[in-house]
Amino acid sequence: MDHPISDLLNVSMKCINEMIDANTIIGTPITYNKTTIIPVSRVHLGFLSGGSDIKPNTNKAEPLFGGGTGGGLSLTPIAFLVVQDDNINLISIDSESRIADKLIDLVPKALEKVKTLVNNNIENNS
């Protein structure tokens, strides 16, 4: 037999799961002409749950139960990825994401260098 606290937690977790998905952080891409804009957000989630199972002072067979859950969600846009042709740029709107901005700008350059190294290695081994 399931306990009411278990049921309460299961319902709460199911609701949180439905509320948060990958599209919450990396938003739905928006395409205009040949440019795609992808919003990036920071998510903060807080959740609490509590309950009690108090035995009644009466002769009833069922125990008393009291419980509750609560939560909060904060969604803050921090940047936009702009994809145009073969160029990817990060437009940051949050000062804390400057490091991420620089890292994302370096990714295409790093991939190109790796590609060049692999091609040179293949040519040298041939």
# chains A, B, ... in the order shown; residues from 1 in each chain; ligands from 1
call {"tool": "select_by_dssp", "arguments": {"residues": "segment 13-91 of chain A", "states": "alpha helix (DSSP H)", "output": "count of residues only"}}
result
11
call {"tool": "closest_residue", "arguments": {"among": "A:Gly50, A:Thr36, A:Pro77, A:Asn89", "to": "Phe65 of chain A", "atoms": "only C-alpha atoms"}}
result
A:Gly50
call {"tool": "closest_residue", "arguments": {"among": "A:Ile54, A:Leu8, A:Gly71, A:Gln84", "to": "Thr35 of chain A", "atoms": "only C-alpha atoms"}}
result
A:Gln84
call {"tool": "closest_residue", "arguments": {"among": "A:Phe47, A:Val83, A:Ile38, A:Ile26", "to": "Gly68 of chain A", "atoms": "only C-alpha atoms"}}
result
A:Phe47
call {"tool": "atom_distance", "arguments": {"atom1": "atom CA of Lys109 of chain A", "atom2": "atom CA of Glu123 of chain A"}}
result
21.2 Å
call {"tool": "closest_residue", "arguments": {"among": "A:Ser49, A:Thr31, A:Ser92, A:Asn87", "to": "Thr69 of chain A", "atoms": "only C-alpha atoms"}}
result
A:Ser49
call {"tool": "atom_distance", "arguments": {"atom1": "atom CA of Ser12 of chain A", "atom2": "atom CA of Pro39 of chain A"}}
result
27.8 Å
call {"tool": "residues_around", "arguments": {"residues": "Arg42 of chain A", "least_positions_apart": "2", "cutoff": "9 Å", "atoms": "only C-alpha atoms", "output": "list in words"}}
result
Thr24, Ile25, Val40, His44, Ser74, Leu75, Thr76, Pro77 and Ile78 of chain A
call {"tool": "write_last_selection", "arguments": {"atoms": "N, CA, C and O atoms", "output": "mmCIF file, in the first residue's frame"}}
result
data_model
loop_
_atom_site.group_PDB
_atom_site.id
_atom_site.type_symbol
_atom_site.label_atom_id
_atom_site.label_comp_id
_atom_site.auth_asym_id
_atom_site.auth_seq_id
_atom_site.Cartn_x
_atom_site.Cartn_y
_atom_site.Cartn_z
ATOM 1 N N THR A 24 13.801 24.649 -22.076
ATOM 2 C CA THR A 24 13.786 25.692 -21.061
ATOM 3 C C THR A 24 15.115 26.443 -21.051
ATOM 4 O O THR A 24 15.147 27.658 -20.928
ATOM 5 N N ILE A 25 16.221 25.732 -21.204
ATOM 6 C CA ILE A 25 17.538 26.362 -21.153
ATOM 7 C C ILE A 25 17.977 26.816 -22.542
ATOM 8 O O ILE A 25 18.338 27.960 -22.744
ATOM 9 N N VAL A 40 19.317 31.415 -25.064
ATOM 10 C CA VAL A 40 19.932 30.631 -23.998
ATOM 11 C C VAL A 40 19.544 31.284 -22.673
ATOM 12 O O VAL A 40 19.679 32.495 -22.516
ATOM 13 N N HIS A 44 16.866 28.634 -12.405
ATOM 14 C CA HIS A 44 17.019 28.326 -10.985
ATOM 15 C C HIS A 44 15.715 27.693 -10.540
ATOM 16 O O HIS A 44 14.639 28.228 -10.815
ATOM 17 N N SER A 74 12.891 30.285 -11.600
ATOM 18 C CA SER A 74 13.344 31.563 -12.126
ATOM 19 C C SER A 74 14.037 31.290 -13.453
ATOM 20 O O SER A 74 14.973 30.495 -13.523
ATOM 21 N N LEU A 75 13.579 31.924 -14.503
ATOM 22 C CA LEU A 75 14.133 31.753 -15.845
ATOM 23 C C LEU A 75 14.663 33.105 -16.302
ATOM 24 O O LEU A 75 13.895 34.064 -16.411
ATOM 25 N N THR A 76 15.979 33.190 -16.539
ATOM 26 C CA THR A 76 16.601 34.453 -16.906
ATOM 27 C C THR A 76 17.319 34.298 -18.241
ATOM 28 O O THR A 76 18.233 33.481 -18.360
ATOM 29 N N PRO A 77 16.927 35.059 -19.268
ATOM 30 C CA PRO A 77 17.664 35.004 -20.530
ATOM 31 C C PRO A 77 19.066 35.578 -20.335
ATOM 32 O O PRO A 77 19.229 36.621 -19.690
ATOM 33 N N ILE A 78 20.078 34.872 -20.843
ATOM 34 C CA ILE A 78 21.449 35.347 -20.671
ATOM 35 C C ILE A 78 22.187 35.576 -21.990
ATOM 36 O O ILE A 78 23.178 36.290 -22.018
#
call {"tool": "closest_residue", "arguments": {"among": "A:Ile16, A:Asn124, A:Leu90, A:Tyr32", "to": "Gly46 of chain A", "atoms": "only C-alpha atoms"}}
result
A:Ile16
call {"tool": "atom_distance", "arguments": {"atom1": "atom CA of Val82 of chain A", "atom2": "atom CA of Asp105 of chain A"}}
result
11.1 Å
